[in-house]
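Source file: start32.pdb; contents: PDB, C-alpha atoms, pLDDT in the B column.
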```pdb
MODEL        1
ATOM      1  CA  MET A   4      41.295 -43.238  13.970  1.00 75.00           C
ATOM      2  CA  SER A   5      42.649 -41.107  16.786  1.00 89.00           C
ATOM      3  CA  LEU A   6      41.648 -37.512  17.357  1.00 92.00           C
ATOM      4  CA  ASP A   7      45.164 -36.379  16.426  1.00 94.00           C
ATOM      5  CA  THR A   8      45.085 -38.383  13.195  1.00 96.00           C
ATOM      6  CA  GLY A   9      41.752 -36.913  12.166  1.00 95.00           C
ATOM      7  CA  ARG A  10      42.923 -33.409  13.022  1.00 97.00           C
ATOM      8  CA  TYR A  11      46.109 -33.859  11.020  1.00 97.00           C
ATOM      9  CA  GLN A  12      44.192 -35.175   8.017  1.00 98.00           C
ATOM     10  CA  LEU A  13      41.733 -32.275   8.078  1.00 98.00           C
ATOM     11  CA  TYR A  14      44.502 -29.704   8.552  1.00 98.00           C
ATOM     12  CA  SER A  15      46.608 -31.215   5.780  1.00 98.00           C
ATOM     13  CA  THR A  16      43.666 -31.393   3.383  1.00 98.00           C
ATOM     14  CA  LEU A  17      42.655 -27.802   4.147  1.00 98.00           C
ATOM     15  CA  LYS A  18      46.223 -26.605   3.601  1.00 98.00           C
ATOM     16  CA  THR A  19      46.438 -28.429   0.255  1.00 98.00           C
ATOM     17  CA  ALA A  20      43.008 -27.215  -0.879  1.00 98.00           C
ATOM     18  CA  SER A  21      43.886 -23.643   0.114  1.00 98.00           C
ATOM     19  CA  ALA A  22      47.071 -23.782  -1.921  1.00 98.00           C
ATOM     20  CA  HIS A  23      45.145 -25.097  -4.929  1.00 98.00           C
ATOM     21  CA  TRP A  24      42.480 -22.422  -4.509  1.00 98.00           C
ATOM     22  CA  ASP A  25      45.134 -19.693  -4.296  1.00 97.00           C
ATOM     23  CA  GLN A  26      46.709 -21.006  -7.495  1.00 98.00           C
ATOM     24  CA  THR A  27      43.331 -21.239  -9.227  1.00 97.00           C
ATOM     25  CA  GLN A  28      42.492 -17.644  -8.370  1.00 96.00           C
ATOM     26  CA  THR A  29      45.427 -16.390 -10.406  1.00 96.00           C
ATOM     27  CA  ALA A  30      43.676 -17.504 -13.591  1.00 97.00           C
ATOM     28  CA  TRP A  31      39.981 -17.749 -12.662  1.00 97.00           C
ATOM     29  CA  ARG A  32      38.725 -14.228 -12.047  1.00 95.00           C
ATOM     30  CA  ASP A  33      35.213 -14.040 -13.452  1.00 97.00           C
ATOM     31  CA  GLN A  34      31.873 -13.711 -11.666  1.00 98.00           C
ATOM     32  CA  VAL A  35      31.542 -17.486 -11.357  1.00 98.00           C
ATOM     33  CA  ALA A  36      34.835 -17.561  -9.453  1.00 97.00           C
ATOM     34  CA  ARG A  37      33.645 -14.799  -7.130  1.00 98.00           C
ATOM     35  CA  ASP A  38      30.362 -16.619  -6.573  1.00 98.00           C
ATOM     36  CA  PHE A  39      32.203 -19.874  -5.867  1.00 98.00           C
ATOM     37  CA  ALA A  40      34.485 -18.134  -3.382  1.00 98.00           C
ATOM     38  CA  GLU A  41      31.601 -16.430  -1.611  1.00 98.00           C
ATOM     39  CA  GLN A  42      29.092 -19.276  -1.605  1.00 98.00           C
ATOM     40  CA  THR A  43      31.333 -22.340  -1.387  1.00 98.00           C
ATOM     41  CA  TRP A  44      35.015 -21.849  -0.627  1.00 98.00           C
ATOM     42  CA  THR A  45      34.863 -19.236   2.129  1.00 98.00           C
ATOM     43  CA  PRO A  46      32.123 -20.990   4.138  1.00 98.00           C
ATOM     44  CA  LEU A  47      33.887 -24.339   3.731  1.00 98.00           C
ATOM     45  CA  GLU A  48      37.219 -22.909   4.843  1.00 98.00           C
ATOM     46  CA  GLN A  49      35.613 -21.214   7.861  1.00 98.00           C
ATOM     47  CA  LYS A  50      33.820 -24.406   8.906  1.00 98.00           C
ATOM     48  CA  ALA A  51      37.001 -26.460   8.584  1.00 98.00           C
ATOM     49  CA  LYS A  52      38.858 -23.959  10.787  1.00 98.00           C
ATOM     50  CA  GLN A  53      36.042 -24.093  13.336  1.00 98.00           C
ATOM     51  CA  VAL A  54      36.235 -27.888  13.362  1.00 98.00           C
ATOM     52  CA  LEU A  55      40.011 -27.754  13.880  1.00 98.00           C
ATOM     53  CA  SER A  56      39.495 -25.398  16.813  1.00 98.00           C
ATOM     54  CA  ALA A  57      36.830 -27.683  18.294  1.00 98.00           C
ATOM     55  CA  ILE A  58      39.123 -30.702  17.918  1.00 97.00           C
ATOM     56  CA  ASP A  59      41.860 -28.795  19.765  1.00 97.00           C
ATOM     57  CA  ARG A  60      39.475 -27.947  22.617  1.00 98.00           C
ATOM     58  CA  LEU A  61      38.228 -31.532  22.760  1.00 97.00           C
ATOM     59  CA  GLY A  62      41.797 -32.798  22.884  1.00 96.00           C
ATOM     60  CA  GLN A  63      42.487 -30.580  25.894  1.00 96.00           C
ATOM     61  CA  ILE A  64      39.345 -31.856  27.633  1.00 96.00           C
ATOM     62  CA  ILE A  65      40.354 -35.466  26.994  1.00 95.00           C
ATOM     63  CA  VAL A  66      43.851 -34.870  28.389  1.00 94.00           C
ATOM     64  CA  ARG A  67      42.405 -33.218  31.500  1.00 96.00           C
ATOM     65  CA  ALA A  68      39.878 -36.028  31.988  1.00 95.00           C
ATOM     66  CA  ARG A  69      42.631 -38.646  31.723  1.00 93.00           C
ATOM     67  CA  GLN A  70      44.700 -36.790  34.296  1.00 95.00           C
ATOM     68  CA  GLU A  71      41.797 -36.462  36.697  1.00 95.00           C
ATOM     69  CA  CYS A  72      40.548 -40.017  36.264  1.00 95.00           C
ATOM     70  CA  GLY A  73      43.891 -41.768  35.964  1.00 82.00           C
TER
ENDMDL
END
```

Just dump the structure as structure tokens.
Amino acid sequence: MSLDTGRYQLYSTLKTASAHWDQTQTAWRDQVARDFAEQTWTPLEQKAKQVLSAIDRLGQIIVRARQECG
């Protein structure tokens, strides 16, 4: 799997999961939902965004290395 493929898959999955979570929040508004958001969803979403950012930086490094070594 290429770096771009992995990035696309993670981005696409995060986008889909975010849409589902947004939809779920319209009906699920109790303390369990708030706990889930705070303890599970928000940290997961933040980590996924950090990984996407790291993949972008790594992609730039790989391009630069190819240019310098090629």

Item checked: Exercise: Gly9 of chain A partners within 12 Å, only C-alpha atoms, chain neighbours under 2 positions left out, as number ranges by chain -> A: 4-7, 11-16, 54-55, 58-59, 62

Check: So which residues touch Ser21 of chain A within 12 Å, counting all atoms listed in the file, skipping near sequence neighbours fewer than 4 positions away, as a list in words?
Finding: Leu13, Tyr14, Ser15, Thr16, Leu17, Asp25, Gln26, Thr27, Gln28, Ala40, Trp44, Thr45, Leu47, Glu48, Gln49, Ala51 and Lys52 of chain A

Check: So what do you get for atom CA of Ala20 of chain A versus atom CA of Gln63 of chain A, distance-wise?
Finding: 27.0 Å

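Atom CA of Glu41 of chain A sits 16.4 Å away from atom CA of Thr29 of chain A.
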
Margin query: Quick check, in Å to one decimal: how far apart do atom CA of Arg37 of chain A and atom CA of Ser56 of chain A lie?
Written below: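 Computing it gives 26.8 Å between the two atoms.
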
As AutoDock Vina command-line options, please: the centre and edge lengths in Å, to one decimal, of an axis-aligned box enclosing every listed atom of segment 22-31 of chain A with 4 Å added on each side.
```
--center_x 43.5 --center_y -20.7 --center_z -7.8 --size_x 15.1 --size_y 16.7 --size_z 19.7
```

Notebook entry, point to check: Quick one: of A:Gly73, A:Ala22, A:Val35, A:Arg10, who's nearest to Leu61 of chain A, counting all atoms listed in the file?
Noted result: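 Using all atoms listed in the file, Leu61 of chain A sits closest to A:Arg10.
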
Please fill the gaps in segment 9-43 of chain A so it has N, CA and C atoms, and write that as a PDB file, in the coordinates of the input.
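File written: out-v3.pdb
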```
ATOM      1  N   GLY A   9      42.829 -37.611  12.871  1.00 95.00           N
ATOM      2  CA  GLY A   9      41.752 -36.913  12.166  1.00 95.00           C
ATOM      3  C   GLY A   9      42.039 -35.432  12.018  1.00 95.00           C
ATOM      4  N   ARG A  10      42.595 -34.828  13.082  1.00 97.00           N
ATOM      5  CA  ARG A  10      42.923 -33.409  13.022  1.00 97.00           C
ATOM      6  C   ARG A  10      44.002 -33.162  11.971  1.00 97.00           C
ATOM      7  N   TYR A  11      45.022 -34.010  11.988  1.00 97.00           N
ATOM      8  CA  TYR A  11      46.109 -33.859  11.020  1.00 97.00           C
ATOM      9  C   TYR A  11      45.580 -33.991   9.587  1.00 97.00           C
ATOM     10  N   GLN A  12      44.724 -34.967   9.364  1.00 98.00           N
ATOM     11  CA  GLN A  12      44.192 -35.175   8.017  1.00 98.00           C
ATOM     12  C   GLN A  12      43.372 -33.974   7.558  1.00 98.00           C
ATOM     13  N   LEU A  13      42.534 -33.447   8.443  1.00 98.00           N
ATOM     14  CA  LEU A  13      41.733 -32.275   8.078  1.00 98.00           C
ATOM     15  C   LEU A  13      42.633 -31.071   7.830  1.00 98.00           C
ATOM     16  N   TYR A  14      43.595 -30.835   8.715  1.00 98.00           N
ATOM     17  CA  TYR A  14      44.502 -29.704   8.552  1.00 98.00           C
ATOM     18  C   TYR A  14      45.284 -29.814   7.241  1.00 98.00           C
ATOM     19  N   SER A  15      45.812 -30.995   6.982  1.00 98.00           N
ATOM     20  CA  SER A  15      46.608 -31.215   5.780  1.00 98.00           C
ATOM     21  C   SER A  15      45.762 -31.014   4.519  1.00 98.00           C
ATOM     22  N   THR A  16      44.563 -31.541   4.532  1.00 98.00           N
ATOM     23  CA  THR A  16      43.666 -31.393   3.383  1.00 98.00           C
ATOM     24  C   THR A  16      43.288 -29.932   3.170  1.00 98.00           C
ATOM     25  N   LEU A  17      42.992 -29.221   4.256  1.00 98.00           N
ATOM     26  CA  LEU A  17      42.655 -27.802   4.147  1.00 98.00           C
ATOM     27  C   LEU A  17      43.836 -27.008   3.602  1.00 98.00           C
ATOM     28  N   LYS A  18      45.025 -27.302   4.078  1.00 98.00           N
ATOM     29  CA  LYS A  18      46.223 -26.605   3.601  1.00 98.00           C
ATOM     30  C   LYS A  18      46.435 -26.842   2.104  1.00 98.00           C
ATOM     31  N   THR A  19      46.280 -28.091   1.675  1.00 98.00           N
ATOM     32  CA  THR A  19      46.438 -28.429   0.255  1.00 98.00           C
ATOM     33  C   THR A  19      45.364 -27.750  -0.591  1.00 98.00           C
ATOM     34  N   ALA A  20      44.114 -27.835  -0.132  1.00 98.00           N
ATOM     35  CA  ALA A  20      43.008 -27.215  -0.879  1.00 98.00           C
ATOM     36  C   ALA A  20      43.187 -25.703  -0.957  1.00 98.00           C
ATOM     37  N   SER A  21      43.652 -25.092   0.118  1.00 98.00           N
ATOM     38  CA  SER A  21      43.886 -23.643   0.114  1.00 98.00           C
ATOM     39  C   SER A  21      44.963 -23.261  -0.895  1.00 98.00           C
ATOM     40  N   ALA A  22      46.005 -24.055  -0.951  1.00 98.00           N
ATOM     41  CA  ALA A  22      47.071 -23.782  -1.921  1.00 98.00           C
ATOM     42  C   ALA A  22      46.544 -23.910  -3.350  1.00 98.00           C
ATOM     43  N   HIS A  23      45.731 -24.928  -3.596  1.00 98.00           N
ATOM     44  CA  HIS A  23      45.145 -25.097  -4.929  1.00 98.00           C
ATOM     45  C   HIS A  23      44.197 -23.944  -5.258  1.00 98.00           C
ATOM     46  N   TRP A  24      43.403 -23.529  -4.275  1.00 98.00           N
ATOM     47  CA  TRP A  24      42.480 -22.422  -4.509  1.00 98.00           C
ATOM     48  C   TRP A  24      43.253 -21.138  -4.805  1.00 98.00           C
ATOM     49  N   ASP A  25      44.313 -20.883  -4.041  1.00 97.00           N
ATOM     50  CA  ASP A  25      45.134 -19.693  -4.296  1.00 97.00           C
ATOM     51  C   ASP A  25      45.696 -19.715  -5.716  1.00 97.00           C
ATOM     52  N   GLN A  26      46.164 -20.865  -6.139  1.00 98.00           N
ATOM     53  CA  GLN A  26      46.709 -21.006  -7.495  1.00 98.00           C
ATOM     54  C   GLN A  26      45.617 -20.801  -8.545  1.00 98.00           C
ATOM     55  N   THR A  27      44.450 -21.357  -8.283  1.00 97.00           N
ATOM     56  CA  THR A  27      43.331 -21.239  -9.227  1.00 97.00           C
ATOM     57  C   THR A  27      42.901 -19.788  -9.400  1.00 97.00           C
ATOM     58  N   GLN A  28      42.934 -19.038  -8.314  1.00 96.00           N
ATOM     59  CA  GLN A  28      42.492 -17.644  -8.370  1.00 96.00           C
ATOM     60  C   GLN A  28      43.372 -16.772  -9.255  1.00 96.00           C
ATOM     61  N   THR A  29      44.577 -17.202  -9.532  1.00 96.00           N
ATOM     62  CA  THR A  29      45.427 -16.390 -10.406  1.00 96.00           C
ATOM     63  C   THR A  29      44.920 -16.380 -11.846  1.00 96.00           C
ATOM     64  N   ALA A  30      44.169 -17.418 -12.214  1.00 97.00           N
ATOM     65  CA  ALA A  30      43.676 -17.504 -13.591  1.00 97.00           C
ATOM     66  C   ALA A  30      42.160 -17.383 -13.689  1.00 97.00           C
ATOM     67  N   TRP A  31      41.451 -17.720 -12.635  1.00 97.00           N
ATOM     68  CA  TRP A  31      39.981 -17.749 -12.662  1.00 97.00           C
ATOM     69  C   TRP A  31      39.468 -16.530 -11.917  1.00 97.00           C
ATOM     70  N   ARG A  32      39.072 -15.505 -12.669  1.00 95.00           N
ATOM     71  CA  ARG A  32      38.725 -14.228 -12.047  1.00 95.00           C
ATOM     72  C   ARG A  32      37.367 -13.684 -12.485  1.00 95.00           C
ATOM     73  N   ASP A  33      36.504 -14.537 -12.988  1.00 97.00           N
ATOM     74  CA  ASP A  33      35.213 -14.040 -13.452  1.00 97.00           C
ATOM     75  C   ASP A  33      34.177 -14.079 -12.326  1.00 97.00           C
ATOM     76  N   GLN A  34      32.944 -13.754 -12.662  1.00 98.00           N
ATOM     77  CA  GLN A  34      31.873 -13.711 -11.666  1.00 98.00           C
ATOM     78  C   GLN A  34      31.612 -15.093 -11.070  1.00 98.00           C
ATOM     79  N   VAL A  35      31.742 -16.124 -11.864  1.00 98.00           N
ATOM     80  CA  VAL A  35      31.542 -17.486 -11.357  1.00 98.00           C
ATOM     81  C   VAL A  35      32.571 -17.792 -10.269  1.00 98.00           C
ATOM     82  N   ALA A  36      33.796 -17.359 -10.462  1.00 97.00           N
ATOM     83  CA  ALA A  36      34.835 -17.561  -9.453  1.00 97.00           C
ATOM     84  C   ALA A  36      34.494 -16.805  -8.171  1.00 97.00           C
ATOM     85  N   ARG A  37      34.028 -15.580  -8.310  1.00 98.00           N
ATOM     86  CA  ARG A  37      33.645 -14.799  -7.130  1.00 98.00           C
ATOM     87  C   ARG A  37      32.471 -15.444  -6.407  1.00 98.00           C
ATOM     88  N   ASP A  38      31.505 -15.926  -7.175  1.00 98.00           N
ATOM     89  CA  ASP A  38      30.362 -16.619  -6.573  1.00 98.00           C
ATOM     90  C   ASP A  38      30.798 -17.897  -5.855  1.00 98.00           C
ATOM     91  N   PHE A  39      31.694 -18.653  -6.489  1.00 98.00           N
ATOM     92  CA  PHE A  39      32.203 -19.874  -5.867  1.00 98.00           C
ATOM     93  C   PHE A  39      32.920 -19.547  -4.555  1.00 98.00           C
ATOM     94  N   ALA A  40      33.754 -18.525  -4.590  1.00 98.00           N
ATOM     95  CA  ALA A  40      34.485 -18.134  -3.382  1.00 98.00           C
ATOM     96  C   ALA A  40      33.526 -17.741  -2.272  1.00 98.00           C
ATOM     97  N   GLU A  41      32.540 -16.938  -2.612  1.00 98.00           N
ATOM     98  CA  GLU A  41      31.601 -16.430  -1.611  1.00 98.00           C
ATOM     99  C   GLU A  41      30.655 -17.508  -1.093  1.00 98.00           C
ATOM    100  N   GLN A  42      30.130 -18.321  -1.986  1.00 98.00           N
ATOM    101  CA  GLN A  42      29.092 -19.276  -1.605  1.00 98.00           C
ATOM    102  C   GLN A  42      29.632 -20.637  -1.183  1.00 98.00           C
ATOM    103  N   THR A  43      30.826 -20.996  -1.641  1.00 98.00           N
ATOM    104  CA  THR A  43      31.333 -22.340  -1.387  1.00 98.00           C
ATOM    105  C   THR A  43      32.650 -22.330  -0.636  1.00 98.00           C
TER     106      THR A  43
END
```
